[in-house]
Amino acid sequence: MTLETPTVEMHPQRWGDPAAASDLPESARGLVELAFGLRDRPAVTGATPPAVALDDALLEGLRALVGAEHVLVDDETRTLRTRGKSTPDLLRARSGDLSDAPDAVVRPDGHVEVVAVLAWAAEHRVAVVPFGGGTCVTGGLAARRDGFAGLVSLDLVRMKRLLAVDDVSMSVTLQPGLRGPEAEALLAGHGLTLGHYPQSFDHASIGGFAATRSSGQSSAGYGRFDAMVVGLTAATPTGSLDLGSSPANAAGPDLRQLLLGSEGAFGVITSVTVRVRRAPAVTTYDGWRWPSFDAGSDAMRTLAQAGLLPTVIRLSDETETAINLADPTSIGGTDDPGCLMITGYEGTAEQVDARREAVSAVLTGLGGTALGEEPGRKWVQGRFDAPYLRDSLLDHGVLVETLETATFWSNRARLHDDVKEALQAALGEGSLVLCHVSHVYETGCSLYFTVAASQADDPLAQWQTAKAAASDAIIAAGATITHHHAIGTDHKPWFAQEIGEVGVRVLRAVKAELDPVGILNPGVLIP
């Protein structure tokens with residue numbers, strides 16, 4: 001089954017659907033001006049990418065493989081496939097820097113055509129960057145060009161089919177070009193859902209979820225995307241991989257995990273078979289107030305270790321709670337908003353009622369204050385909107401960016417404090433550092449930081465300094481450099497420290513075996 005809907009292209013200098021873009025809300029304008037000042041930072045217009053490096057003979061070879069209409073070299077299409085959507089990516093685009101633009105955008109249709117394109121690229125030493133939704137925030141779409149005859153963006157937009165439904169085993173097979181809403185629409189026709197809702201949901205693709213080991217906002221209930229995958233097919237320059245003959249096995253190391261998180265550096269995922277659930281009949285969300293981040297975090301740990309997690313659970317620290325609430329007194333009727341927790345439940349009416357009652361009893365017993373459904377409704381309404389607000393703030397001279405990590409419960413407080421202090425020291429007086437627990441496990445949790453500061457004359461260098469300081473603090477605290485944003489190019493130095501010298505050699509050996517010419521996303525992931 002194919003979804004016949006046009007793909008909404010994101011603005012080359014902004015996040016998301018251009019029709020959804022808006023100026024800074026009037027309700028936030030005064031607060032932003034007070035904290036950072038307001039300075040218009042207009043973006044450069046009329047910039048064009050460099051000339052196409054591939055000669056006509058090479059382009060004709062590509063056209064013979066996928067059809068002439070599916071090899072695009074116009075400036076507009078190439079610009080739309082330049083980099084991802086991190087703040088550094090947007091700052092470069094806004095300055096008119098399109099130096100990372102591909103020479104051509106190639107749109108294969110199916111595994112066989114992907115295999116053919118990779119063979120062509122290896123033969124002619126042309127770098128290939130797989131492209132799904134373009135939502136990467138770690139430099140994973142800015143491949144190295146040196147040493148190659150050119151660079152093509154392997155755009156998977158034509159591969160948007162629901163290939164198989166097994167409603168006995170509760171699994172489906174999907175092509176990688178499906179965006180989050182498209183996949184859910186196809187599954188809804190069978191009464192099913194993936195339940196995978198990262199903040200990038202509207203634009204991110206199934207292939208991107210797999211290639212970056214994505215984790216969604218409902219992962220407490222549905223699991224991370226890599227945990228959903230039971231099988232996959234991938235094309236590499238040295239052959240194809242067809243993995244997943246059973247839900248679990250002891251047949252050596254799980255090679256599926258070699259492709260999950262590989263960011264297109266080992267191969268191109270051309271289909272995934274994933275576990276699905278019945279579409280929920282009921283969804284509901286609640287708000288809870290906690291007197292401190294420590295108290296709320298301890299409550300989350302208690303739920304996780306008791307096997308009582310709701311479908312959604314997240315906790316904002318004191319600063320994030322205060323900044324995100326226009327009226328702090330709405331939390332518990334006090335001038336001290338404390339820390340806001342959101343819990344969400346999905347399933348049948350009976351399942352939701354039973355889990356909600358059990359979770360609420362535990363949270364109340366631990367000192368939480370129930371706030372009813374209104375905070376949950378507000379969170380659901382704005383759960384995908386933060387990147388649009390970032391655009392508006394960048395327009396007015398405010399530097400905004402995020403980073404995330406994860407650690408064990410016993411190390412959570414240290415990690416939170418050390419990263420926050422590192423960011424504040426690097427960004428200087430007047431900067432804001434917000435944090436929330438975004439994902440929860442029995443043994444630990446993820447911390448998601450958002451920073452805001454007045455832009456310096458060179459905001460790109462300003463953020464790179466802050467990012468390096470935070471990354472150093474993360475590794476020094478013994479945490480992971482990324483929980484769900486992946487490695488890309490931005491995290492490679494710290495990734496090497498995290499996995500050690502032997503780990504680096506293993507990744508390089510895999511790369512050499514699957515991609516001996518090194519055409520796949522060169523410079524990404526592998527230290």
# chains A, B, ... in the order shown; residues from 1 in each chain; ligands from 1
>>> closest_atom_pairs(of="region 232-291 of chain A", to="region 107-123 of chain A", cutoff="7 Å", atoms="only C-alpha atoms", output="JSON lines")
{"residue": "A:Ala235", "atom": "CA", "partner": "A:Val115", "partner_atom": "CA", "distance": 5.5}
{"residue": "A:Thr236", "atom": "CA", "partner": "A:Val115", "partner_atom": "CA", "distance": 6.9}
{"residue": "A:Pro237", "atom": "CA", "partner": "A:Leu118", "partner_atom": "CA", "distance": 5.4}
{"residue": "A:Thr270", "atom": "CA", "partner": "A:His111", "partner_atom": "CA", "distance": 5.7}
>>> residues_around(residues="Ala204 (chain A)", least_positions_apart="4", cutoff="6 Å", atoms="only C-alpha atoms", output="PyMOL selection string")
chain A and resi 133+135+179+200
>>> select_by_dssp(residues="region 299-492 of chain A", states="strand (DSSP E)", output="VMD selection string")
chain A and resid 312 to 316 339 to 347 369 to 372 398 to 408 432 to 440 444 to 454
>>> write_last_selection(atoms="N, CA and C atoms", output="compact mmCIF listing (two decimals), in the first residue's frame")
# COMPACT_ATOMS: atom_id res chain seq x y z
N VAL A 312 3.41 8.10 28.65
CA VAL A 312 4.23 9.30 28.58
C VAL A 312 4.55 9.74 29.99
N ILE A 313 5.83 10.07 30.23
CA ILE A 313 6.18 10.69 31.51
C ILE A 313 7.39 11.59 31.29
N ARG A 314 7.30 12.81 31.73
CA ARG A 314 8.40 13.77 31.58
C ARG A 314 8.31 14.77 32.72
N LEU A 315 9.46 15.30 33.09
CA LEU A 315 9.55 16.18 34.26
C LEU A 315 10.46 17.35 33.96
N SER A 316 9.96 18.57 34.09
CA SER A 316 10.75 19.78 33.89
C SER A 316 11.40 20.21 35.20
N CYS A 339 8.18 21.92 40.12
CA CYS A 339 8.54 21.22 38.89
C CYS A 339 7.31 20.52 38.33
N LEU A 340 7.09 20.72 37.04
CA LEU A 340 5.92 20.17 36.38
C LEU A 340 6.23 18.81 35.76
N MET A 341 5.40 17.85 36.08
CA MET A 341 5.47 16.52 35.47
C MET A 341 4.21 16.31 34.63
N ILE A 342 4.41 15.71 33.46
CA ILE A 342 3.29 15.32 32.60
C ILE A 342 3.25 13.79 32.54
N THR A 343 2.08 13.23 32.77
CA THR A 343 1.89 11.79 32.59
C THR A 343 0.78 11.58 31.57
N GLY A 344 0.94 10.56 30.73
CA GLY A 344 -0.05 10.27 29.71
C GLY A 344 -0.35 8.79 29.64
N TYR A 345 -1.56 8.44 29.27
CA TYR A 345 -2.02 7.05 29.26
C TYR A 345 -2.75 6.77 27.96
N GLU A 346 -2.49 5.60 27.36
CA GLU A 346 -3.16 5.20 26.14
C GLU A 346 -3.55 3.73 26.23
N GLY A 347 -4.67 3.39 25.59
CA GLY A 347 -5.11 1.99 25.57
C GLY A 347 -6.62 1.91 25.57
N THR A 369 1.52 16.62 43.74
CA THR A 369 0.23 17.29 43.78
C THR A 369 -0.44 17.18 42.42
N ALA A 370 -1.59 16.56 42.39
CA ALA A 370 -2.31 16.38 41.12
C ALA A 370 -2.86 17.71 40.64
N LEU A 371 -2.66 18.02 39.35
CA LEU A 371 -3.09 19.29 38.77
C LEU A 371 -4.22 19.13 37.77
N GLY A 372 -4.68 17.90 37.58
CA GLY A 372 -5.75 17.68 36.61
C GLY A 372 -5.24 17.57 35.19
N VAL A 398 18.28 35.89 19.47
CA VAL A 398 18.44 35.01 20.62
C VAL A 398 18.96 33.66 20.13
N LEU A 399 20.06 33.23 20.70
CA LEU A 399 20.62 31.92 20.39
C LEU A 399 19.87 30.86 21.18
N VAL A 400 19.31 29.87 20.50
CA VAL A 400 18.57 28.79 21.15
C VAL A 400 19.03 27.46 20.56
N GLU A 401 19.32 26.51 21.42
CA GLU A 401 19.69 25.18 20.95
C GLU A 401 19.46 24.17 22.06
N THR A 402 19.47 22.89 21.69
CA THR A 402 19.24 21.81 22.65
C THR A 402 20.36 20.79 22.59
N LEU A 403 20.47 20.02 23.65
CA LEU A 403 21.34 18.84 23.66
C LEU A 403 20.78 17.88 24.69
N GLU A 404 21.16 16.60 24.56
CA GLU A 404 20.61 15.60 25.47
C GLU A 404 21.66 14.55 25.79
N THR A 405 21.42 13.83 26.87
CA THR A 405 22.33 12.79 27.33
C THR A 405 21.51 11.83 28.19
N ALA A 406 22.16 10.82 28.72
CA ALA A 406 21.49 9.87 29.62
C ALA A 406 22.50 9.29 30.58
N THR A 407 22.00 8.87 31.74
CA THR A 407 22.88 8.29 32.74
C THR A 407 22.06 7.43 33.69
N PHE A 408 22.74 6.80 34.63
CA PHE A 408 22.07 5.99 35.64
C PHE A 408 21.48 6.90 36.72
N LEU A 432 20.12 31.35 29.85
CA LEU A 432 19.17 30.47 30.51
C LEU A 432 19.46 29.03 30.11
N VAL A 433 19.44 28.13 31.08
CA VAL A 433 19.62 26.70 30.81
C VAL A 433 18.45 25.97 31.45
N LEU A 434 17.64 25.36 30.62
CA LEU A 434 16.47 24.61 31.05
C LEU A 434 16.75 23.12 30.88
N CYS A 435 16.06 22.30 31.66
CA CYS A 435 16.28 20.86 31.55
C CYS A 435 15.00 20.11 31.89
N HIS A 436 14.81 18.96 31.24
CA HIS A 436 13.75 18.05 31.66
C HIS A 436 14.21 16.61 31.49
N VAL A 437 13.64 15.74 32.30
CA VAL A 437 13.80 14.30 32.11
C VAL A 437 12.85 13.91 30.99
N SER A 438 13.43 13.42 29.89
CA SER A 438 12.62 13.15 28.71
C SER A 438 12.25 11.68 28.55
N HIS A 439 13.09 10.77 29.05
CA HIS A 439 12.86 9.34 28.91
C HIS A 439 13.33 8.64 30.17
N VAL A 440 12.62 7.58 30.54
CA VAL A 440 12.84 6.93 31.83
C VAL A 440 12.99 5.42 31.65
N GLY A 444 17.89 4.19 34.80
CA GLY A 444 18.33 5.56 34.60
C GLY A 444 17.38 6.37 33.76
N CYS A 445 17.86 7.50 33.26
CA CYS A 445 16.99 8.42 32.53
C CYS A 445 17.79 9.28 31.58
N SER A 446 17.08 9.95 30.70
CA SER A 446 17.67 10.92 29.78
C SER A 446 17.40 12.33 30.29
N LEU A 447 18.39 13.21 30.16
CA LEU A 447 18.24 14.62 30.47
C LEU A 447 18.34 15.43 29.19
N TYR A 448 17.38 16.30 28.97
CA TYR A 448 17.29 17.09 27.74
C TYR A 448 17.42 18.56 28.12
N PHE A 449 18.45 19.21 27.63
CA PHE A 449 18.74 20.61 27.98
C PHE A 449 18.38 21.54 26.82
N THR A 450 17.84 22.69 27.17
CA THR A 450 17.59 23.77 26.21
C THR A 450 18.30 25.01 26.72
N VAL A 451 19.02 25.70 25.84
CA VAL A 451 19.72 26.92 26.26
C VAL A 451 19.21 28.11 25.45
N ALA A 452 19.27 29.27 26.05
CA ALA A 452 18.93 30.52 25.39
C ALA A 452 19.88 31.59 25.87
N ALA A 453 20.41 32.37 24.94
CA ALA A 453 21.35 33.45 25.29
C ALA A 453 21.29 34.50 24.19
N SER A 454 21.68 35.70 24.52
CA SER A 454 21.78 36.74 23.51
C SER A 454 22.87 36.37 22.52
>>> residues_around(residues="Leu427 (chain A)", least_positions_apart="3", cutoff="7 Å", atoms="only C-alpha atoms", output="list of chain:residue names")
A:Leu423, A:Gln424, A:Ser431, A:Ala453, A:Ala466
>>> write_last_selection(atoms="all heavy atoms", output="PDB file, in the first residue's frame")
ATOM      1  N   LEU A 423      27.329  24.930  30.740  1.00  0.00           N
ATOM      2  CA  LEU A 423      26.655  25.758  29.744  1.00  0.00           C
ATOM      3  C   LEU A 423      26.557  27.210  30.197  1.00  0.00           C
ATOM      4  O   LEU A 423      26.803  28.138  29.417  1.00  0.00           O
ATOM      5  CB  LEU A 423      25.259  25.196  29.469  1.00  0.00           C
ATOM      6  CG  LEU A 423      25.217  23.906  28.646  1.00  0.00           C
ATOM      7  CD1 LEU A 423      23.834  23.278  28.710  1.00  0.00           C
ATOM      8  CD2 LEU A 423      25.610  24.185  27.194  1.00  0.00           C
ATOM      9  N   GLN A 424      26.203  27.430  31.452  1.00  0.00           N
ATOM     10  CA  GLN A 424      26.080  28.794  31.951  1.00  0.00           C
ATOM     11  C   GLN A 424      27.428  29.513  31.954  1.00  0.00           C
ATOM     12  O   GLN A 424      27.513  30.693  31.617  1.00  0.00           O
ATOM     13  CB  GLN A 424      25.470  28.776  33.358  1.00  0.00           C
ATOM     14  CG  GLN A 424      23.982  28.430  33.352  1.00  0.00           C
ATOM     15  CD  GLN A 424      23.397  28.277  34.740  1.00  0.00           C
ATOM     16  OE1 GLN A 424      24.081  27.838  35.665  1.00  0.00           O
ATOM     17  NE2 GLN A 424      22.117  28.600  34.875  1.00  0.00           N
ATOM     18  N   SER A 431      22.371  34.094  30.427  1.00  0.00           N
ATOM     19  CA  SER A 431      21.926  32.920  29.677  1.00  0.00           C
ATOM     20  C   SER A 431      20.962  32.097  30.522  1.00  0.00           C
ATOM     21  O   SER A 431      20.983  32.140  31.748  1.00  0.00           O
ATOM     22  CB  SER A 431      23.121  32.063  29.268  1.00  0.00           C
ATOM     23  OG  SER A 431      23.837  31.610  30.407  1.00  0.00           O
ATOM     24  N   ALA A 453      20.410  32.373  24.939  1.00  0.00           N
ATOM     25  CA  ALA A 453      21.345  33.449  25.286  1.00  0.00           C
ATOM     26  C   ALA A 453      21.294  34.500  24.187  1.00  0.00           C
ATOM     27  O   ALA A 453      20.921  34.211  23.046  1.00  0.00           O
ATOM     28  CB  ALA A 453      22.771  32.912  25.427  1.00  0.00           C
ATOM     29  N   ALA A 466      30.030  26.547  23.711  1.00  0.00           N
ATOM     30  CA  ALA A 466      29.140  26.041  24.754  1.00  0.00           C
ATOM     31  C   ALA A 466      28.907  24.544  24.600  1.00  0.00           C
ATOM     32  O   ALA A 466      28.896  23.793  25.594  1.00  0.00           O
ATOM     33  CB  ALA A 466      27.813  26.797  24.706  1.00  0.00           C
TER      34      ALA A 466
END
>>> closest_residue(among="A:Thr348, A:Thr302, A:Thr482, A:Ser262", to="Asp226 (chain A)", atoms="only C-alpha atoms")
A:Ser262
>>> residues_around(residues="region 375-383 of chain A", least_positions_apart="4", cutoff="7 Å", atoms="only C-alpha atoms", output="MDAnalysis selection string")
chainID A and resid 199 285:287 342
>>> residues_around(residues="Tyr197 (chain A)", least_positions_apart="6", cutoff="12 Å", atoms="only C-alpha atoms", output="short mmCIF file (atom, residue, chain, number, x, y, z; two decimals) with all heavy atoms, in the first residue's frame")
data_model
loop_
_atom_site.label_atom_id
_atom_site.label_comp_id
_atom_site.auth_asym_id
_atom_site.auth_seq_id
_atom_site.Cartn_x
_atom_site.Cartn_y
_atom_site.Cartn_z
N ARG A 179 7.14 9.48 6.22
CA ARG A 179 7.25 10.39 7.36
C ARG A 179 6.36 9.87 8.49
O ARG A 179 5.46 9.05 8.26
CB ARG A 179 6.83 11.81 6.96
CG ARG A 179 7.59 12.35 5.74
CD ARG A 179 9.07 12.57 6.00
NE ARG A 179 9.81 12.91 4.80
CZ ARG A 179 10.02 14.14 4.35
NH1 ARG A 179 9.50 15.17 5.00
NH2 ARG A 179 10.72 14.36 3.26
N GLY A 180 6.59 10.35 9.69
CA GLY A 180 5.83 9.88 10.84
C GLY A 180 4.32 9.90 10.64
O GLY A 180 3.65 8.88 10.82
N PRO A 181 3.73 11.05 10.26
CA PRO A 181 2.27 11.09 10.07
C PRO A 181 1.79 10.17 8.95
O PRO A 181 0.70 9.61 9.03
CB PRO A 181 2.01 12.56 9.74
CG PRO A 181 3.17 13.31 10.31
CD PRO A 181 4.34 12.39 10.16
N ALA A 183 3.16 7.25 8.03
CA ALA A 183 3.15 5.88 8.53
C ALA A 183 1.95 5.64 9.43
O ALA A 183 1.27 4.60 9.32
CB ALA A 183 4.45 5.60 9.29
N GLU A 184 1.65 6.59 10.30
CA GLU A 184 0.50 6.42 11.20
C GLU A 184 -0.81 6.40 10.42
O GLU A 184 -1.73 5.65 10.77
CB GLU A 184 0.48 7.54 12.25
CG GLU A 184 1.54 7.40 13.33
CD GLU A 184 1.31 6.19 14.23
OE1 GLU A 184 0.19 5.65 14.26
OE2 GLU A 184 2.28 5.78 14.90
N HIS A 203 7.96 15.55 10.44
CA HIS A 203 8.82 15.58 9.26
C HIS A 203 9.84 14.44 9.21
O HIS A 203 10.37 14.15 8.13
CB HIS A 203 9.54 16.93 9.18
CG HIS A 203 8.60 18.09 9.07
ND1 HIS A 203 8.02 18.48 7.90
CD2 HIS A 203 8.11 18.91 10.03
CE1 HIS A 203 7.21 19.50 8.12
NE2 HIS A 203 7.24 19.79 9.40
N ALA A 204 10.13 13.81 10.32
CA ALA A 204 11.13 12.75 10.34
C ALA A 204 10.58 11.49 9.68
O ALA A 204 9.37 11.27 9.61
CB ALA A 204 11.55 12.44 11.77
N SER A 205 11.48 10.63 9.20
CA SER A 205 11.08 9.46 8.42
C SER A 205 11.33 8.16 9.19
O SER A 205 12.12 8.11 10.14
CB SER A 205 11.87 9.42 7.11
OG SER A 205 13.24 9.15 7.37
N ILE A 206 10.69 7.10 8.71
CA ILE A 206 10.88 5.77 9.29
C ILE A 206 12.35 5.36 9.18
O ILE A 206 12.94 4.83 10.14
CB ILE A 206 9.99 4.75 8.57
CG1 ILE A 206 8.50 5.03 8.86
CG2 ILE A 206 10.35 3.33 8.97
CD1 ILE A 206 8.10 4.87 10.31
N PHE A 209 14.27 7.24 11.80
CA PHE A 209 14.06 6.68 13.14
C PHE A 209 15.01 5.50 13.38
O PHE A 209 15.59 5.36 14.45
CB PHE A 209 12.62 6.18 13.29
CG PHE A 209 11.55 7.24 13.27
CD1 PHE A 209 10.24 6.90 12.95
CD2 PHE A 209 11.83 8.56 13.58
CE1 PHE A 209 9.24 7.86 12.94
CE2 PHE A 209 10.84 9.53 13.57
CZ PHE A 209 9.53 9.18 13.24
N SER A 214 16.07 6.37 17.21
CA SER A 214 15.22 7.43 17.73
C SER A 214 14.45 6.97 18.97
O SER A 214 14.13 5.79 19.13
CB SER A 214 14.23 7.84 16.64
OG SER A 214 13.26 8.73 17.11
N SER A 215 14.15 7.93 19.83
CA SER A 215 13.31 7.68 21.00
C SER A 215 12.22 8.75 21.03
O SER A 215 12.51 9.94 20.94
CB SER A 215 14.14 7.74 22.28
OG SER A 215 13.44 7.23 23.37
N GLY A 216 10.97 8.32 21.13
CA GLY A 216 9.86 9.25 21.05
C GLY A 216 9.31 9.65 22.41
O GLY A 216 9.68 9.09 23.44
N GLN A 217 8.40 10.61 22.40
CA GLN A 217 7.84 11.12 23.64
C GLN A 217 6.97 10.10 24.36
O GLN A 217 6.71 10.23 25.54
CB GLN A 217 7.05 12.40 23.34
CG GLN A 217 7.92 13.54 22.84
CD GLN A 217 7.11 14.72 22.32
OE1 GLN A 217 5.90 14.62 22.09
NE2 GLN A 217 7.77 15.84 22.08
N SER A 218 6.52 9.08 23.63
CA SER A 218 5.70 8.01 24.23
C SER A 218 6.50 6.73 24.45
O SER A 218 5.92 5.65 24.60
CB SER A 218 4.48 7.71 23.34
OG SER A 218 3.68 8.85 23.16
N SER A 219 7.82 6.85 24.50
CA SER A 219 8.66 5.65 24.59
C SER A 219 8.53 4.91 25.91
O SER A 219 8.84 3.72 25.98
CB SER A 219 10.13 6.02 24.34
OG SER A 219 10.32 6.38 22.99
N ALA A 220 8.05 5.58 26.96
CA ALA A 220 7.83 4.87 28.22
C ALA A 220 6.80 3.77 28.05
O ALA A 220 6.87 2.72 28.69
CB ALA A 220 7.38 5.84 29.32
N GLY A 221 5.86 4.00 27.12
CA GLY A 221 4.82 3.00 26.89
C GLY A 221 5.07 2.11 25.69
O GLY A 221 4.78 0.91 25.71
N TYR A 222 5.65 2.69 24.62
CA TYR A 222 5.82 1.95 23.38
C TYR A 222 7.25 1.46 23.15
O TYR A 222 7.47 0.57 22.33
CB TYR A 222 5.41 2.82 22.19
CG TYR A 222 3.93 3.07 22.10
CD1 TYR A 222 3.35 4.21 22.65
CD2 TYR A 222 3.09 2.15 21.46
CE1 TYR A 222 1.99 4.44 22.56
CE2 TYR A 222 1.73 2.37 21.38
CZ TYR A 222 1.18 3.52 21.93
OH TYR A 222 -0.18 3.73 21.85
N GLY A 223 8.22 2.04 23.83
CA GLY A 223 9.61 1.66 23.64
C GLY A 223 10.30 2.52 22.61
O GLY A 223 9.67 3.20 21.78
N ARG A 224 11.62 2.50 22.63
CA ARG A 224 12.43 3.19 21.63
C ARG A 224 12.22 2.53 20.27
O ARG A 224 11.80 1.38 20.17
CB ARG A 224 13.91 3.10 22.00
CG ARG A 224 14.31 3.89 23.23
CD ARG A 224 15.71 3.46 23.68
NE ARG A 224 16.69 3.66 22.63
CZ ARG A 224 17.50 4.73 22.52
NH1 ARG A 224 17.40 5.71 23.41
NH2 ARG A 224 18.37 4.81 21.54
N PHE A 225 12.55 3.25 19.20
CA PHE A 225 12.33 2.69 17.88
C PHE A 225 13.20 1.46 17.64
O PHE A 225 12.74 0.48 17.02
CB PHE A 225 12.59 3.73 16.78
CG PHE A 225 12.04 3.32 15.45
CD1 PHE A 225 10.70 3.50 15.17
CD2 PHE A 225 12.84 2.73 14.49
CE1 PHE A 225 10.17 3.10 13.95
CE2 PHE A 225 12.33 2.33 13.27
CZ PHE A 225 10.98 2.52 13.00
N THR A 311 2.28 5.75 29.64
CA THR A 311 2.75 5.80 28.26
C THR A 311 3.70 6.97 28.05
O THR A 311 4.70 6.85 27.33
CB THR A 311 1.55 5.96 27.30
OG1 THR A 311 0.58 4.95 27.60
CG2 THR A 311 1.98 5.83 25.86
N VAL A 312 3.41 8.10 28.65
CA VAL A 312 4.23 9.30 28.58
C VAL A 312 4.55 9.74 29.99
O VAL A 312 3.66 9.77 30.86
CB VAL A 312 3.49 10.45 27.85
CG1 VAL A 312 4.28 11.75 27.95
CG2 VAL A 312 3.22 10.09 26.40
N VAL A 380 0.19 18.57 25.12
CA VAL A 380 -0.13 17.86 23.89
C VAL A 380 -0.31 18.84 22.73
O VAL A 380 0.19 18.61 21.61
CB VAL A 380 -1.40 17.01 24.07
CG1 VAL A 380 -1.87 16.45 22.73
CG2 VAL A 380 -1.14 15.87 25.04
N ARG A 383 3.30 20.04 21.72
CA ARG A 383 4.41 19.10 21.86
C ARG A 383 5.38 19.11 20.69
O ARG A 383 6.53 18.71 20.83
CB ARG A 383 3.85 17.68 22.05
CG ARG A 383 3.09 17.13 20.87
CD ARG A 383 2.34 15.85 21.18
NE ARG A 383 3.19 14.75 21.58
CZ ARG A 383 2.77 13.50 21.76
NH1 ARG A 383 1.48 13.21 21.60
NH2 ARG A 383 3.59 12.54 22.10
N PHE A 384 4.95 19.58 19.50
CA PHE A 384 5.84 19.61 18.34
C PHE A 384 6.22 21.02 17.92
O PHE A 384 6.80 21.22 16.84
CB PHE A 384 5.18 18.90 17.15
CG PHE A 384 4.75 17.48 17.44
CD1 PHE A 384 3.49 17.03 17.08
CD2 PHE A 384 5.61 16.59 18.06
CE1 PHE A 384 3.09 15.73 17.32
CE2 PHE A 384 5.22 15.29 18.33
CZ PHE A 384 3.96 14.86 17.96
#
>>> residues_around(residues="region 94-105 of chain A", least_positions_apart="6", cutoff="8 Å", atoms="only C-alpha atoms", output="ChimeraX atom specification")
/A:13,42-54,70-73,77-79,81-83,142-143,150-155
>>> write_last_selection(atoms="C-alpha atoms", output="mmCIF file, in the first residue's frame")
data_model
loop_
_atom_site.group_PDB
_atom_site.id
_atom_site.type_symbol
_atom_site.label_atom_id
_atom_site.label_comp_id
_atom_site.auth_asym_id
_atom_site.auth_seq_id
_atom_site.Cartn_x
_atom_site.Cartn_y
_atom_site.Cartn_z
ATOM 1 C CA GLN A 13 16.547 28.282 6.629
ATOM 2 C CA PRO A 42 17.564 38.958 8.864
ATOM 3 C CA ALA A 43 18.635 35.941 6.850
ATOM 4 C CA VAL A 44 20.557 36.250 3.592
ATOM 5 C CA THR A 45 18.297 35.751 0.584
ATOM 6 C CA GLY A 46 19.161 34.766 -2.960
ATOM 7 C CA ALA A 47 22.098 32.521 -2.082
ATOM 8 C CA THR A 48 22.788 29.713 -4.542
ATOM 9 C CA PRO A 49 24.684 26.450 -4.087
ATOM 10 C CA PRO A 50 28.054 25.842 -5.761
ATOM 11 C CA ALA A 51 28.139 24.656 -9.344
ATOM 12 C CA VAL A 52 27.388 20.966 -9.939
ATOM 13 C CA ALA A 53 30.656 19.011 -9.803
ATOM 14 C CA LEU A 54 29.363 15.900 -11.595
ATOM 15 C CA HIS A 70 14.402 11.400 -10.605
ATOM 16 C CA VAL A 71 17.866 12.974 -10.870
ATOM 17 C CA LEU A 72 17.527 16.640 -9.928
ATOM 18 C CA VAL A 73 20.301 19.217 -10.194
ATOM 19 C CA THR A 77 16.100 21.101 -4.835
ATOM 20 C CA ARG A 78 19.797 20.965 -3.967
ATOM 21 C CA THR A 79 19.324 23.760 -1.423
ATOM 22 C CA ARG A 81 18.761 18.863 0.692
ATOM 23 C CA THR A 82 21.597 20.852 2.283
ATOM 24 C CA ARG A 83 22.368 19.842 5.894
ATOM 25 C CA ALA A 142 26.921 17.334 6.037
ATOM 26 C CA ALA A 143 29.193 14.707 4.495
ATOM 27 C CA GLY A 150 31.059 14.664 -6.209
ATOM 28 C CA LEU A 151 28.259 14.190 -3.695
ATOM 29 C CA VAL A 152 24.669 13.075 -4.164
ATOM 30 C CA SER A 153 21.732 13.179 -1.804
ATOM 31 C CA LEU A 154 19.984 9.789 -1.899
ATOM 32 C CA ASP A 155 16.462 11.049 -1.286
#
>>> residues_around(residues="Ala164 (chain A)", least_positions_apart="2", cutoff="8 Å", atoms="only C-alpha atoms", output="list in words")
Leu162, Asp166, Val172, Thr173 and Leu174 of chain A
>>> write_last_selection(atoms="N, CA and C atoms", output="compact mmCIF listing (two decimals), in the first residue's frame")
# COMPACT_ATOMS: atom_id res chain seq x y z
N LEU A 162 3.65 0.82 2.66
CA LEU A 162 3.41 -0.19 3.69
C LEU A 162 3.47 -1.52 2.95
N ASP A 166 1.25 -8.07 9.31
CA ASP A 166 1.04 -9.37 9.96
C ASP A 166 0.28 -9.10 11.26
N VAL A 172 4.58 -5.01 11.10
CA VAL A 172 4.38 -4.48 9.76
C VAL A 172 5.74 -4.19 9.15
N THR A 173 5.79 -4.15 7.82
CA THR A 173 7.02 -3.80 7.12
C THR A 173 6.80 -2.50 6.37
N LEU A 174 7.67 -1.54 6.62
CA LEU A 174 7.54 -0.19 6.09
C LEU A 174 8.77 0.20 5.30
>>> closest_residue(among="A:Thr443, A:Thr284, A:Ala354, A:Ala425", to="Ala304 (chain A)", atoms="only C-alpha atoms")
A:Thr443
>>> closest_residue(among="A:Phe266, A:Phe36, A:Trp15, A:Phe201", to="Leu520 (chain A)", atoms="only C-alpha atoms")
A:Phe266
>>> select_by_dssp(residues="region 374-455 of chain A", states="helix (DSSP H, G or I)", output="PyMOL selection string")
chain A and resi 374-382+386-395+409-427
>>> atom_distance(atom1="CA of Leu192 (chain A)", atom2="CA of Arg275 (chain A)")
10.1 Å
>>> atom_distance(atom1="CA of Glu498 (chain A)", atom2="CA of Ala468 (chain A)")
14.7 Å
>>> closest_residue(among="A:Leu141, A:Cys136, A:Val126, A:Met228", to="Gln257 (chain A)", atoms="only C-alpha atoms")
A:Met228
>>> closest_residue(among="A:Val137, A:Ala461, A:Leu259, A:Ile323", to="Ser240 (chain A)", atoms="only C-alpha atoms")
A:Leu259
>>> closest_residue(among="A:Leu34, A:Val8, A:Val504, A:Ala127", to="Asp202 (chain A)", atoms="only C-alpha atoms")
A:Val8
